[in-house]
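K.L.:
Below is a structure I'd like to ask you about.
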Amino acid sequence: MNICLHCGKKLVGRSDKVFCSIECKNIFNYNKKKNTKSETAIIDSYLHRNHEILTTLMGNSKKEVFDRLIISRTGFKFDFITGVYKNKEGKIYYLVYNFAWMEFSDQKILVVKKAL
């Protein structure tokens, strides 16, 4: 015997049925999406903040080298990126939208702004 995933009522009808009504289905899916949306909103705000920081630091420049400490003091969160790129020489760049950065062993960071 199956029960509704939202309200717990006994289901009547098809054996693969999981909700007793369209209302229960909608409420269940809305609540599920609401939880996911709030989690992704936090991550998205970090990504947007990282982009704002890089935009401010770079100004009109296409390529700059910064001390890691300077970038860290702005509140930049190095763990939040939109992708990783490995060039032909095997060097790894971390991406935040249209910006890429590469870390050097001497605590310097090369930031490159890509054309959109």
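Ligands are numbered from 1 in the order shown, residues from 1 within each chain, and chains are lettered A, B, ... in the order they appear in the structure tokens.
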How would you write, as a ChimeraX atom specification, the set of residues in chain A that DSSP gives as alpha helix (DSSP H)?
P.N.:
/A:22-58,68-73
K.L.:
Using only C-alpha atoms, which residues sit within 6 Å of segment 89-99 of chain A once same-chain residues fewer than 6 positions away are excluded, as a PyMOL selection string?
P.N.:
chain A and resi 81-83+112-114
K.L.:
Using DSSP on the backbone coordinates, identify the residues of chain A assigned to strand (DSSP E or B); present them as a PyMOL selection string.
P.N.:
chain A and resi 3+10+63-67+83-86+92-96+99-103+108-113
K.L.:
Those residues you just picked out, can you put them in a file as a tab-separated table (two decimals), in the first residue's frame with C-alpha atoms?
P.N.:
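Saved to selection_36.tsv:
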```
chain	number	residue	atom	x	y	z
A	3	ILE	CA	0.95	6.69	0.70
A	10	LYS	CA	-3.55	6.26	1.24
A	63	LYS	CA	46.05	41.36	-16.91
A	64	GLU	CA	47.45	42.16	-13.45
A	65	VAL	CA	49.53	40.47	-10.75
A	66	PHE	CA	48.43	40.92	-7.11
A	67	ASP	CA	49.66	39.75	-3.74
A	83	GLY	CA	35.20	26.61	-13.37
A	84	VAL	CA	38.77	25.38	-13.76
A	85	TYR	CA	40.91	25.66	-16.89
A	86	LYS	CA	44.17	23.85	-17.61
A	92	ILE	CA	45.70	25.69	-13.78
A	93	TYR	CA	43.48	28.77	-13.93
A	94	TYR	CA	40.46	29.22	-11.67
A	95	LEU	CA	37.46	30.99	-13.19
A	96	VAL	CA	34.84	33.39	-11.89
A	99	PHE	CA	37.91	36.38	-14.92
A	100	ALA	CA	40.63	33.75	-14.56
A	101	TRP	CA	43.41	33.62	-11.98
A	102	MET	CA	46.48	31.53	-11.47
A	103	GLU	CA	48.40	31.21	-8.21
A	108	LYS	CA	51.35	36.20	-6.14
A	109	ILE	CA	48.22	35.81	-8.22
A	110	LEU	CA	47.90	36.55	-11.91
A	111	VAL	CA	44.40	37.77	-12.80
A	112	VAL	CA	43.28	37.86	-16.42
A	113	LYS	CA	40.05	39.43	-17.69
```
K.L.:
Can you tell me which residues surround Gly75 of chain A at a distance of at most 10 Å, considering only C-alpha atoms, apart from same-chain residues fewer than 4 positions away, and format the answer as a list in words?
P.N.:
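In the requested format, the answer is Tyr46, Arg49, Asn50, Ile53, Ile70 and Ile71 of chain A.
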K.L.:
Grab the residues selected above and save them as a short mmCIF file (atom, residue, chain, number, x, y, z; two decimals), in the first residue's frame with C-alpha atoms.
P.N.:
```
data_model
loop_
_atom_site.label_atom_id
_atom_site.label_comp_id
_atom_site.auth_asym_id
_atom_site.auth_seq_id
_atom_site.Cartn_x
_atom_site.Cartn_y
_atom_site.Cartn_z
CA TYR A 46 29.63 34.61 -3.12
CA ARG A 49 30.87 39.23 -4.78
CA ASN A 50 34.07 37.60 -6.09
CA ILE A 53 36.04 42.35 -6.23
CA ILE A 70 45.63 42.01 -0.93
CA ILE A 71 42.95 39.91 -2.62
#
```
K.L.:
May I ask for the distance between atom CA of Phe78 of chain A and atom CA of Glu52 of chain A, given in Å to one decimal place?
P.N.:
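Computing the Euclidean distance for atom CA of Phe78 of chain A and atom CA of Glu52 of chain A yields 13.5 Å.
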K.L.:
Between A:Arg68, A:Leu54, A:Ser21, A:Asn29, which has the minimum distance to Phe104 of chain A (counting only C-alpha atoms)?
P.N.:
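Under the stated criterion, the closest residue is A:Arg68.
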K.L.:
In Å, rounded to a single decimal, give me how far atom CA of Thr40 of chain A is from atom CA of Phe19 of chain A.
P.N.:
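Going from atom CA of Phe19 of chain A over to atom CA of Thr40 of chain A covers 26.9 Å.
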K.L.:
A:Ile42, A:Cys20, A:Leu57, A:Leu11: which is nearest Ser72 of chain A, counting only C-alpha atoms?
P.N.:
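Closest residue, counting only C-alpha atoms: A:Leu57.
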K.L.:
List the neighbours of Phe28 of chain A out to 9 Å using only C-alpha atoms; skip same-chain residues closer than 4 positions along the sequence, and give me the result as a PyMOL selection string.
P.N.:
chain A and resi 5-6+23-24+32-33
K.L.:
So what do you get for atom CA of Cys4 of chain A versus atom CA of Glu39 of chain A, distance-wise?
P.N.:
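Atom CA of Glu39 of chain A lies at a distance of 26.1 Å from atom CA of Cys4 of chain A.
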